[in-house]
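Asks: Handing over structure03.txt, compact mmCIF, C-alpha atoms.
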# COMPACT_ATOMS: atom_id res chain seq x y z
CA MET A 1 -43.41 -12.39 22.40
CA PRO A 2 -45.43 -15.63 22.11
CA TYR A 3 -44.06 -18.09 19.59
CA GLY A 4 -47.31 -18.15 17.64
CA MET A 5 -47.12 -14.39 17.06
CA TYR A 6 -43.87 -14.79 15.13
CA ILE A 7 -45.49 -17.33 12.83
CA SER A 8 -48.60 -15.20 12.28
CA ALA A 9 -46.56 -12.03 11.76
CA GLU A 10 -44.33 -13.70 9.18
CA GLY A 11 -47.40 -15.12 7.45
CA ALA A 12 -49.01 -11.67 7.30
CA ALA A 13 -45.79 -10.11 5.97
CA ALA A 14 -45.47 -12.78 3.26
CA GLN A 15 -49.07 -12.30 2.16
CA ALA A 16 -48.60 -8.51 2.10
CA GLN A 17 -45.64 -8.95 -0.27
CA ARG A 18 -47.66 -11.29 -2.45
CA LEU A 19 -50.50 -8.76 -2.51
CA GLU A 20 -48.15 -6.06 -3.82
CA VAL A 21 -47.03 -8.33 -6.67
CA ILE A 22 -50.61 -9.25 -7.60
CA ALA A 23 -51.68 -5.60 -7.49
CA ASN A 24 -48.91 -4.72 -9.95
CA ASN A 25 -49.99 -7.59 -12.22
CA LEU A 26 -53.59 -6.33 -12.17
CA ALA A 27 -52.44 -2.79 -12.95
CA ASN A 28 -50.79 -4.09 -16.13
CA VAL A 29 -53.47 -6.40 -17.54
CA ASP A 30 -53.74 -4.03 -20.52
CA THR A 31 -50.00 -3.32 -20.91
CA VAL A 32 -48.71 -4.66 -24.22
CA GLY A 33 -45.93 -7.23 -23.77
CA PHE A 34 -46.23 -7.29 -19.96
CA LYS A 35 -45.02 -10.45 -18.22
CA HIS A 36 -46.63 -11.11 -14.85
CA ASP A 37 -44.67 -11.91 -11.70
CA VAL A 38 -45.12 -14.89 -9.39
CA PRO A 39 -43.86 -14.79 -5.77
CA THR A 40 -42.37 -18.03 -4.41
CA PHE A 41 -42.50 -19.04 -0.76
CA GLN A 42 -40.22 -21.06 1.48
CA ALA A 43 -40.47 -22.35 5.03
CA ARG A 44 -38.80 -20.00 7.49
CA PHE A 45 -36.58 -20.94 10.43
CA ALA A 46 -37.78 -20.05 13.91
CA GLU A 47 -36.99 -16.51 15.08
CA ALA A 48 -34.31 -17.71 17.49
CA ILE A 49 -32.44 -19.47 14.65
CA GLN A 50 -32.88 -16.42 12.40
CA GLN A 51 -31.22 -14.28 15.09
CA GLY A 52 -28.44 -16.80 15.73
CA LEU A 53 -29.64 -17.54 19.28
CA ALA A 54 -30.31 -21.23 18.57
CA GLN A 55 -29.11 -23.97 16.25
CA GLU A 56 -31.11 -25.84 13.63
CA GLN A 57 -32.26 -29.35 14.72
CA ASP A 58 -31.51 -28.72 18.39
CA LYS A 59 -34.67 -30.72 19.29
CA SER A 60 -36.26 -27.70 20.96
CA ILE A 61 -39.39 -25.73 20.14
CA ASN A 62 -37.32 -23.93 17.49
CA ASP A 63 -37.48 -27.06 15.33
CA LEU A 64 -41.15 -26.31 14.73
CA GLY A 65 -40.17 -23.62 12.24
CA GLY A 66 -41.07 -19.98 11.90
CA GLY A 67 -43.80 -19.94 9.27
CA VAL A 68 -43.16 -18.91 5.66
CA LYS A 69 -41.41 -16.12 3.80
CA VAL A 70 -41.16 -14.85 0.22
CA ILE A 71 -37.75 -15.89 -1.12
CA ASP A 72 -38.07 -14.64 -4.70
CA VAL A 73 -40.37 -13.04 -7.25
CA GLU A 74 -40.06 -14.76 -10.60
CA THR A 75 -41.34 -13.55 -13.96
CA ASP A 76 -43.51 -15.83 -16.08
CA PHE A 77 -42.28 -15.45 -19.66
CA SER A 78 -45.08 -17.45 -21.26
CA THR A 79 -46.19 -15.99 -24.60
CA GLY A 80 -49.19 -13.72 -24.23
CA ARG A 81 -52.25 -13.72 -26.46
CA LEU A 82 -51.63 -12.29 -29.94
CA GLN A 83 -54.29 -9.75 -30.87
CA GLN A 84 -54.85 -8.50 -34.39
CA THR A 85 -54.87 -4.71 -34.63
CA GLY A 86 -54.57 -4.02 -38.35
CA ASN A 87 -51.93 -1.35 -37.66
CA ASP A 88 -48.89 -1.84 -39.91
CA PHE A 89 -46.56 -0.55 -37.20
CA ASP A 90 -47.76 -3.13 -34.66
CA LEU A 91 -45.42 -6.12 -34.60
CA ALA A 92 -45.58 -9.30 -32.54
CA ILE A 93 -43.00 -12.03 -32.02
CA ALA A 94 -44.71 -15.39 -32.41
CA GLY A 95 -41.73 -17.43 -31.26
CA ASN A 96 -38.61 -16.85 -29.19
CA GLY A 97 -36.72 -13.60 -28.77
CA PHE A 98 -37.19 -9.96 -27.90
CA PHE A 99 -37.10 -6.70 -29.84
CA GLN A 100 -34.13 -4.52 -28.90
CA VAL A 101 -34.60 -0.82 -28.19
CA ALA A 102 -32.18 1.93 -27.21
CA GLY A 103 -32.75 3.40 -23.76
CA ASP A 104 -32.26 7.04 -22.88
CA ASP A 105 -29.27 6.02 -20.77
CA GLY A 106 -27.42 4.52 -23.73
CA GLN A 107 -28.15 0.92 -22.78
CA THR A 108 -29.97 -1.60 -24.93
CA TYR A 109 -33.17 -3.09 -23.53
CA LEU A 110 -35.28 -6.05 -24.60
CA THR A 111 -39.04 -6.02 -24.98
CA ARG A 112 -41.92 -8.07 -26.38
CA ALA A 113 -44.05 -4.95 -26.80
CA GLY A 114 -44.21 -4.22 -30.51
CA ASN A 115 -46.58 -1.25 -30.53
CA PHE A 116 -44.24 0.97 -32.54
CA THR A 117 -44.66 4.22 -34.45
CA LEU A 118 -42.57 6.72 -36.43
CA ASP A 119 -41.17 9.89 -34.89
CA PRO A 120 -40.81 13.16 -36.88
CA GLN A 121 -37.39 12.03 -38.13
CA GLY A 122 -38.84 8.80 -39.55
CA ARG A 123 -37.25 6.58 -36.89
CA LEU A 124 -39.15 3.52 -35.71
CA VAL A 125 -39.73 4.12 -31.99
CA THR A 126 -41.74 2.79 -29.08
CA GLN A 127 -45.04 4.51 -28.36
CA THR A 128 -44.17 4.78 -24.68
CA GLY A 129 -41.02 6.80 -24.13
CA GLY A 130 -40.12 7.20 -27.80
CA GLN A 131 -37.16 4.82 -27.58
CA THR A 132 -35.62 3.94 -30.94
CA VAL A 133 -36.06 0.40 -32.22
CA LEU A 134 -32.78 -1.18 -33.34
CA ASP A 135 -31.97 -3.56 -36.16
CA GLN A 136 -29.81 -6.66 -35.80
CA SER A 137 -26.60 -4.60 -35.98
CA GLY A 138 -27.77 -2.20 -33.27
CA SER A 139 -28.51 0.69 -35.66
CA GLU A 140 -31.65 2.82 -35.81
CA ILE A 141 -34.40 1.89 -38.28
CA VAL A 142 -35.30 4.95 -40.36
CA LEU A 143 -38.21 4.93 -42.80
CA ALA A 144 -39.70 7.47 -45.20
CA PRO A 145 -43.21 8.10 -43.83
CA SER A 146 -44.70 8.80 -47.28
CA GLN A 147 -43.40 5.62 -48.93
CA PRO A 148 -44.80 2.08 -48.60
CA TRP A 149 -42.85 -0.54 -46.71
CA SER A 150 -43.23 -4.20 -45.86
CA ILE A 151 -41.92 -6.73 -43.39
CA SER A 152 -41.44 -10.44 -44.02
CA PRO A 153 -42.53 -13.18 -41.57
CA ASP A 154 -38.90 -13.59 -40.49
CA GLY A 155 -38.48 -9.90 -39.68
CA PHE A 156 -36.82 -8.39 -42.76
CA LEU A 157 -38.14 -4.85 -43.23
CA SER A 158 -37.95 -3.41 -46.76
CA GLN A 159 -38.60 0.03 -48.24
CA SER A 160 -37.46 1.48 -51.59
CA GLY A 161 -34.66 -1.05 -52.02
CA SER A 162 -33.35 -0.65 -48.47
CA THR A 163 -33.59 -3.60 -46.09
CA TYR A 164 -33.40 -3.69 -42.30
CA VAL A 165 -33.18 -6.86 -40.27
CA MET A 166 -35.29 -6.40 -37.15
CA GLY A 167 -33.14 -6.93 -34.09
CA LEU A 168 -34.39 -10.09 -32.38
CA LEU A 169 -32.25 -11.18 -29.46
CA GLN A 170 -32.47 -14.04 -26.99
CA PRO A 171 -30.61 -14.26 -23.63
CA GLN A 172 -28.81 -17.44 -22.69
CA SER A 173 -31.29 -17.83 -19.85
CA LEU A 174 -34.55 -16.03 -19.17
CA GLY A 175 -33.41 -15.93 -15.56
CA ASP A 176 -30.79 -13.37 -16.64
CA LEU A 177 -33.48 -10.79 -17.39
CA VAL A 178 -34.28 -7.99 -14.94
CA LYS A 179 -37.44 -5.94 -15.34
CA VAL A 180 -37.07 -2.28 -16.27
CA GLY A 181 -40.43 -0.55 -16.12
CA SER A 182 -43.52 -2.52 -17.05
CA ASN A 183 -42.55 -4.32 -20.25
CA GLN A 184 -38.81 -3.96 -20.82
CA PHE A 185 -35.89 -6.03 -19.59
CA ARG A 186 -32.16 -5.70 -19.08
CA SER A 187 -30.03 -8.81 -19.47
CA LEU A 188 -27.40 -9.55 -16.84
CA GLY A 189 -25.77 -12.09 -19.16
CA THR A 190 -24.93 -12.35 -22.83
CA VAL A 191 -27.55 -12.20 -25.56
CA ALA A 192 -27.46 -13.70 -29.04
CA PRO A 193 -29.43 -13.19 -32.25
CA VAL A 194 -32.40 -15.49 -32.73
CA PRO A 195 -31.48 -18.05 -35.45
CA LEU A 196 -33.09 -17.33 -38.82
CA PRO A 197 -35.30 -20.47 -38.85
CA GLU A 198 -36.76 -19.43 -35.46
CA ARG A 199 -37.53 -15.80 -36.33
CA GLN A 200 -41.30 -15.24 -36.45
CA VAL A 201 -42.68 -11.70 -36.71
CA ARG A 202 -46.35 -10.92 -37.38
CA GLN A 203 -47.30 -7.53 -38.75
CA GLY A 204 -50.58 -6.03 -37.57
CA TYR A 205 -50.56 -8.00 -34.31
CA LEU A 206 -49.59 -7.26 -30.71
CA GLU A 207 -48.65 -9.60 -27.90
CA MET A 208 -50.97 -8.65 -25.07
CA SER A 209 -50.30 -8.77 -21.34
CA GLY A 210 -49.54 -12.16 -19.82
CA ALA A 211 -51.55 -11.26 -16.70
CA ASN A 212 -54.97 -12.91 -16.75
CA PRO A 213 -57.37 -10.53 -14.93
CA VAL A 214 -59.64 -13.32 -13.63
CA GLN A 215 -56.76 -15.39 -12.27
CA GLN A 216 -55.10 -12.35 -10.72
CA MET A 217 -58.34 -11.22 -9.07
CA MET A 218 -58.90 -14.70 -7.62
CA ALA A 219 -55.33 -14.70 -6.33
CA MET A 220 -55.89 -11.27 -4.76
CA ILE A 221 -59.02 -12.49 -2.93
CA GLU A 222 -57.19 -15.57 -1.70
CA THR A 223 -54.20 -13.51 -0.53
CA THR A 224 -56.39 -10.92 1.20
CA ARG A 225 -58.20 -13.63 3.14
CA ALA A 226 -54.91 -15.25 4.15
CA PHE A 227 -53.57 -11.88 5.31
CA GLU A 228 -56.72 -11.21 7.34
CA ALA A 229 -56.53 -14.69 8.91
CA ASN A 230 -52.96 -14.04 10.06
CA THR A 231 -53.81 -10.61 11.49
CA ARG A 232 -56.78 -12.10 13.35
CA MET A 233 -54.47 -14.73 14.83
CA ILE A 234 -52.14 -11.97 16.03
CA GLN A 235 -55.06 -10.16 17.66
CA THR A 236 -56.29 -13.38 19.28
CA GLN A 237 -52.87 -14.23 20.70
CA ASP A 238 -52.43 -10.65 21.92
CA SER A 239 -55.77 -10.82 23.73
CA MET A 240 -54.81 -14.17 25.27
CA THR A 241 -51.52 -12.74 26.49
CA ASP A 242 -53.27 -9.72 28.02
CA ALA A 243 -55.76 -11.96 29.78
CA LEU A 244 -52.99 -14.20 31.12
CA VAL A 245 -50.95 -11.24 32.40
CA SER A 246 -54.06 -9.80 34.09
CA ARG A 247 -54.77 -13.08 35.87
CA VAL A 248 -51.18 -13.37 37.04
CA LEU A 249 -51.22 -9.83 38.42
CA GLN A 250 -54.53 -10.45 40.21
CA SER A 251 -53.44 -13.69 41.82
Turn this file's structure into structure tokens for me.

Replies:
Amino acid sequence: MPYGMYISAEGAAAQAQRLEVIANNLANVDTVGFKHDVPTFQARFAEAIQQGLAQEQDKSINDLGGGVKVIDVETDFSTGRLQQTGNDFDLAIAGNGFFQVAGDDGQTYLTRAGNFTLDPQGRLVTQTGGQTVLDQSGSEIVLAPSQPWSISPDGFLSQSGSTYVMGLLQPQSLGDLVKVGSNQFRSLGTVAPVPLPERQVRQGYLEMSGANPVQQMMAMIETTRAFEANTRMIQTQDSMTDALVSRVLQS
């Protein structure tokens, strides 16, 4: 296969991967607490080096490289826009940390989506999936639906003399977080409570998606054009190869 085809094929494959990431970001522009993903690229070795048939820096055509490839997809944890909803069960974290919720598999997950509600048993749960919201000790938060309740700016929830401390946790590194679904995360490392001076919870607000629809649409157009350019290059090189083979056979 011509050398240029490898470069064009790898370029098309990289842009196709990027397109999948952008499409997922666009699909979640209205998902509360969603954090958008950003693919990162790196120069790729020539195909012969990738297959172990040549050595790096051997001063041959392989030193020209093999195009680009996607090496990782990173999550941008920038704080999304806080939108006022007026719903008492909507909570937003204005600073660091994540709410902790209990998954159906018994594991604890972290989320910035605070669109909560009460289930028939009075437990504070997520609207999607009905997962129970946990306090700082890892216990369920149970409220009496017919009685008033309040929450302080630092996340202390009170009702009829009972007080719950909203569970706000922070991983040692945001790089330890792995996405589970659209707006929840599982930490591969240890997590710790957010210090009291840094706890900031706003009642009646939600942190909206971190995916900007205009930026994501522009990125999709750019990626689509790059993908089409690479596929056209493959077609051009294929036609050139066919023409060359035909001339050789006719001579």

Asks: Compile the contact shell of region 108-121 of chain A as a tab-separated table (two decimals) with C-alpha atoms, in the coordinates of the input: residues with an atom at most 8 Å away, counting all atoms listed in the file, same-chain residues fewer than 2 positions apart removed.

Replies:
chain	number	residue	atom	x	y	z
A	32	VAL	CA	-48.71	-4.66	-24.22
A	33	GLY	CA	-45.93	-7.23	-23.77
A	34	PHE	CA	-46.23	-7.29	-19.96
A	89	PHE	CA	-46.56	-0.55	-37.20
A	90	ASP	CA	-47.76	-3.13	-34.66
A	91	LEU	CA	-45.42	-6.12	-34.60
A	92	ALA	CA	-45.58	-9.30	-32.54
A	93	ILE	CA	-43.00	-12.03	-32.02
A	97	GLY	CA	-36.72	-13.60	-28.77
A	98	PHE	CA	-37.19	-9.96	-27.90
A	99	PHE	CA	-37.10	-6.70	-29.84
A	100	GLN	CA	-34.13	-4.52	-28.90
A	101	VAL	CA	-34.60	-0.82	-28.19
A	102	ALA	CA	-32.18	1.93	-27.21
A	103	GLY	CA	-32.75	3.40	-23.76
A	106	GLY	CA	-27.42	4.52	-23.73
A	123	ARG	CA	-37.25	6.58	-36.89
A	124	LEU	CA	-39.15	3.52	-35.71
A	125	VAL	CA	-39.73	4.12	-31.99
A	126	THR	CA	-41.74	2.79	-29.08
A	127	GLN	CA	-45.04	4.51	-28.36
A	130	GLY	CA	-40.12	7.20	-27.80
A	142	VAL	CA	-35.30	4.95	-40.36
A	143	LEU	CA	-38.21	4.93	-42.80
A	145	PRO	CA	-43.21	8.10	-43.83
A	169	LEU	CA	-32.25	-11.18	-29.46
A	183	ASN	CA	-42.55	-4.32	-20.25
A	184	GLN	CA	-38.81	-3.96	-20.82
A	185	PHE	CA	-35.89	-6.03	-19.59
A	186	ARG	CA	-32.16	-5.70	-19.08
A	187	SER	CA	-30.03	-8.81	-19.47
A	206	LEU	CA	-49.59	-7.26	-30.71
A	207	GLU	CA	-48.65	-9.60	-27.90

Asks: Looking at only C-alpha atoms, which of A:Leu82, A:Ile141, A:Leu174, A:Val29 is the one that sits closest to Ala94 (chain A)?

Replies: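 Between A:Leu82, A:Ile141, A:Leu174, A:Val29, the residue approaching Ala94 (chain A) most closely is A:Leu82.
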
Asks: Report the distance between CA of Ala229 (chain A) and CA of Asn25 (chain A) in Å, rounded to one decimal place.

Replies: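 Separation of CA of Ala229 (chain A) and CA of Asn25 (chain A): 23.2 Å.
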
Asks: Pick the closest to Ile22 (chain A) from A:Gln250, A:Thr223, A:Thr241, A:Gln203: which is it, counting only C-alpha atoms?

Replies: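 Among A:Gln250, A:Thr223, A:Thr241, A:Gln203, it is A:Thr223 that comes nearest to Ile22 (chain A).
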
Asks: What does the structure give for the distance between CA of Gln17 (chain A) and CA of Phe77 (chain A), in Å to one decimal?

Replies: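 Between CA of Gln17 (chain A) and CA of Phe77 (chain A) the gap is 20.7 Å.
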
Asks: So which residues fall inside 9 Å of (-32.7, -13.5, -34.0) if we count all atoms listed in the file? Mind giving them as a list in words?

Replies: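 Counting all atoms listed in the file, I find these residues within 9 Å of (-32.7, -13.5, -34.0): Asn96, Gly97, Phe98, Gln136, Asp154, Gly155, Met166, Gly167, Leu168, Leu169, Gln170, Ala192, Pro193, Val194, Pro195, Leu196, Pro197, Glu198 and Arg199 of chain A.
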
Asks: So how far away is CA of Ala211 (chain A) from CA of Gln84 (chain A), in Å?

Replies: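 Rounded to one decimal, the two atoms are 18.2 Å apart.
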
Asks: Model the absent atoms of region 116-142 of chain A so that N, CA and C atoms are present, and write the result as an mmCIF file, keeping the file's coordinate frame.

Replies:
data_model
loop_
_atom_site.group_PDB
_atom_site.id
_atom_site.type_symbol
_atom_site.label_atom_id
_atom_site.label_comp_id
_atom_site.auth_asym_id
_atom_site.auth_seq_id
_atom_site.Cartn_x
_atom_site.Cartn_y
_atom_site.Cartn_z
ATOM 1 N N PHE A 116 -45.183 -0.047 -32.098
ATOM 2 C CA PHE A 116 -44.240 0.970 -32.540
ATOM 3 C C PHE A 116 -44.935 2.061 -33.358
ATOM 4 N N THR A 117 -44.181 3.115 -33.617
ATOM 5 C CA THR A 117 -44.660 4.220 -34.450
ATOM 6 C C THR A 117 -43.449 4.925 -35.039
ATOM 7 N N LEU A 118 -43.671 5.932 -35.864
ATOM 8 C CA LEU A 118 -42.570 6.720 -36.430
ATOM 9 C C LEU A 118 -42.529 8.082 -35.763
ATOM 10 N N ASP A 119 -41.311 8.547 -35.444
ATOM 11 C CA ASP A 119 -41.170 9.890 -34.890
ATOM 12 C C ASP A 119 -41.006 10.886 -36.055
ATOM 13 N N PRO A 120 -40.923 12.171 -35.793
ATOM 14 C CA PRO A 120 -40.810 13.160 -36.880
ATOM 15 C C PRO A 120 -39.609 12.941 -37.792
ATOM 16 N N GLN A 121 -38.570 12.291 -37.309
ATOM 17 C CA GLN A 121 -37.390 12.030 -38.130
ATOM 18 C C GLN A 121 -37.509 10.736 -38.934
ATOM 19 N N GLY A 122 -38.652 10.040 -38.817
ATOM 20 C CA GLY A 122 -38.840 8.800 -39.550
ATOM 21 C C GLY A 122 -38.260 7.577 -38.858
ATOM 22 N N ARG A 123 -37.817 7.727 -37.614
ATOM 23 C CA ARG A 123 -37.250 6.580 -36.890
ATOM 24 C C ARG A 123 -38.363 5.743 -36.292
ATOM 25 N N LEU A 124 -38.201 4.435 -36.349
ATOM 26 C CA LEU A 124 -39.150 3.520 -35.710
ATOM 27 C C LEU A 124 -38.885 3.563 -34.207
ATOM 28 N N VAL A 125 -39.903 3.934 -33.436
ATOM 29 C CA VAL A 125 -39.730 4.120 -31.990
ATOM 30 C C VAL A 125 -40.881 3.464 -31.244
ATOM 31 N N THR A 126 -40.681 3.312 -29.936
ATOM 32 C CA THR A 126 -41.740 2.790 -29.080
ATOM 33 C C THR A 126 -42.754 3.896 -28.811
ATOM 34 N N GLN A 127 -44.013 3.500 -28.637
ATOM 35 C CA GLN A 127 -45.040 4.510 -28.360
ATOM 36 C C GLN A 127 -44.885 5.095 -26.970
ATOM 37 N N THR A 128 -44.396 4.300 -26.035
ATOM 38 C CA THR A 128 -44.170 4.780 -24.680
ATOM 39 C C THR A 128 -42.705 5.133 -24.499
ATOM 40 N N GLY A 129 -42.394 6.386 -24.339
ATOM 41 C CA GLY A 129 -41.020 6.800 -24.130
ATOM 42 C C GLY A 129 -40.274 7.209 -25.375
ATOM 43 N N GLY A 130 -40.785 6.810 -26.554
ATOM 44 C CA GLY A 130 -40.120 7.200 -27.800
ATOM 45 C C GLY A 130 -38.727 6.638 -27.955
ATOM 46 N N GLN A 131 -38.481 5.432 -27.444
ATOM 47 C CA GLN A 131 -37.160 4.820 -27.580
ATOM 48 C C GLN A 131 -37.006 4.230 -28.977
ATOM 49 N N THR A 132 -35.838 4.409 -29.570
ATOM 50 C CA THR A 132 -35.620 3.940 -30.940
ATOM 51 C C THR A 132 -35.498 2.426 -30.984
ATOM 52 N N VAL A 133 -36.143 1.843 -31.990
ATOM 53 C CA VAL A 133 -36.060 0.400 -32.220
ATOM 54 C C VAL A 133 -34.810 0.130 -33.048
ATOM 55 N N LEU A 134 -34.060 -0.902 -32.693
ATOM 56 C CA LEU A 134 -32.780 -1.180 -33.340
ATOM 57 C C LEU A 134 -32.877 -2.404 -34.247
ATOM 58 N N ASP A 135 -32.041 -2.382 -35.296
ATOM 59 C CA ASP A 135 -31.970 -3.560 -36.160
ATOM 60 C C ASP A 135 -30.962 -4.545 -35.571
ATOM 61 N N GLN A 136 -30.666 -5.602 -36.326
ATOM 62 C CA GLN A 136 -29.810 -6.660 -35.800
ATOM 63 C C GLN A 136 -28.396 -6.168 -35.498
ATOM 64 N N SER A 137 -27.956 -5.127 -36.200
ATOM 65 C CA SER A 137 -26.600 -4.600 -35.980
ATOM 66 C C SER A 137 -26.558 -3.550 -34.880
ATOM 67 N N GLY A 138 -27.733 -3.201 -34.328
ATOM 68 C CA GLY A 138 -27.770 -2.200 -33.270
ATOM 69 C C GLY A 138 -27.950 -0.790 -33.787
ATOM 70 N N SER A 139 -28.315 -0.635 -35.068
ATOM 71 C CA SER A 139 -28.510 0.690 -35.660
ATOM 72 C C SER A 139 -29.999 1.051 -35.666
ATOM 73 N N GLU A 140 -30.271 2.358 -35.764
ATOM 74 C CA GLU A 140 -31.650 2.820 -35.810
ATOM 75 C C GLU A 140 -32.302 2.397 -37.129
ATOM 76 N N ILE A 141 -33.618 2.191 -37.083
ATOM 77 C CA ILE A 141 -34.400 1.890 -38.280
ATOM 78 C C ILE A 141 -35.106 3.164 -38.702
ATOM 79 N N VAL A 142 -34.745 3.688 -39.873
ATOM 80 C CA VAL A 142 -35.300 4.950 -40.360
ATOM 81 C C VAL A 142 -36.075 4.694 -41.646
#
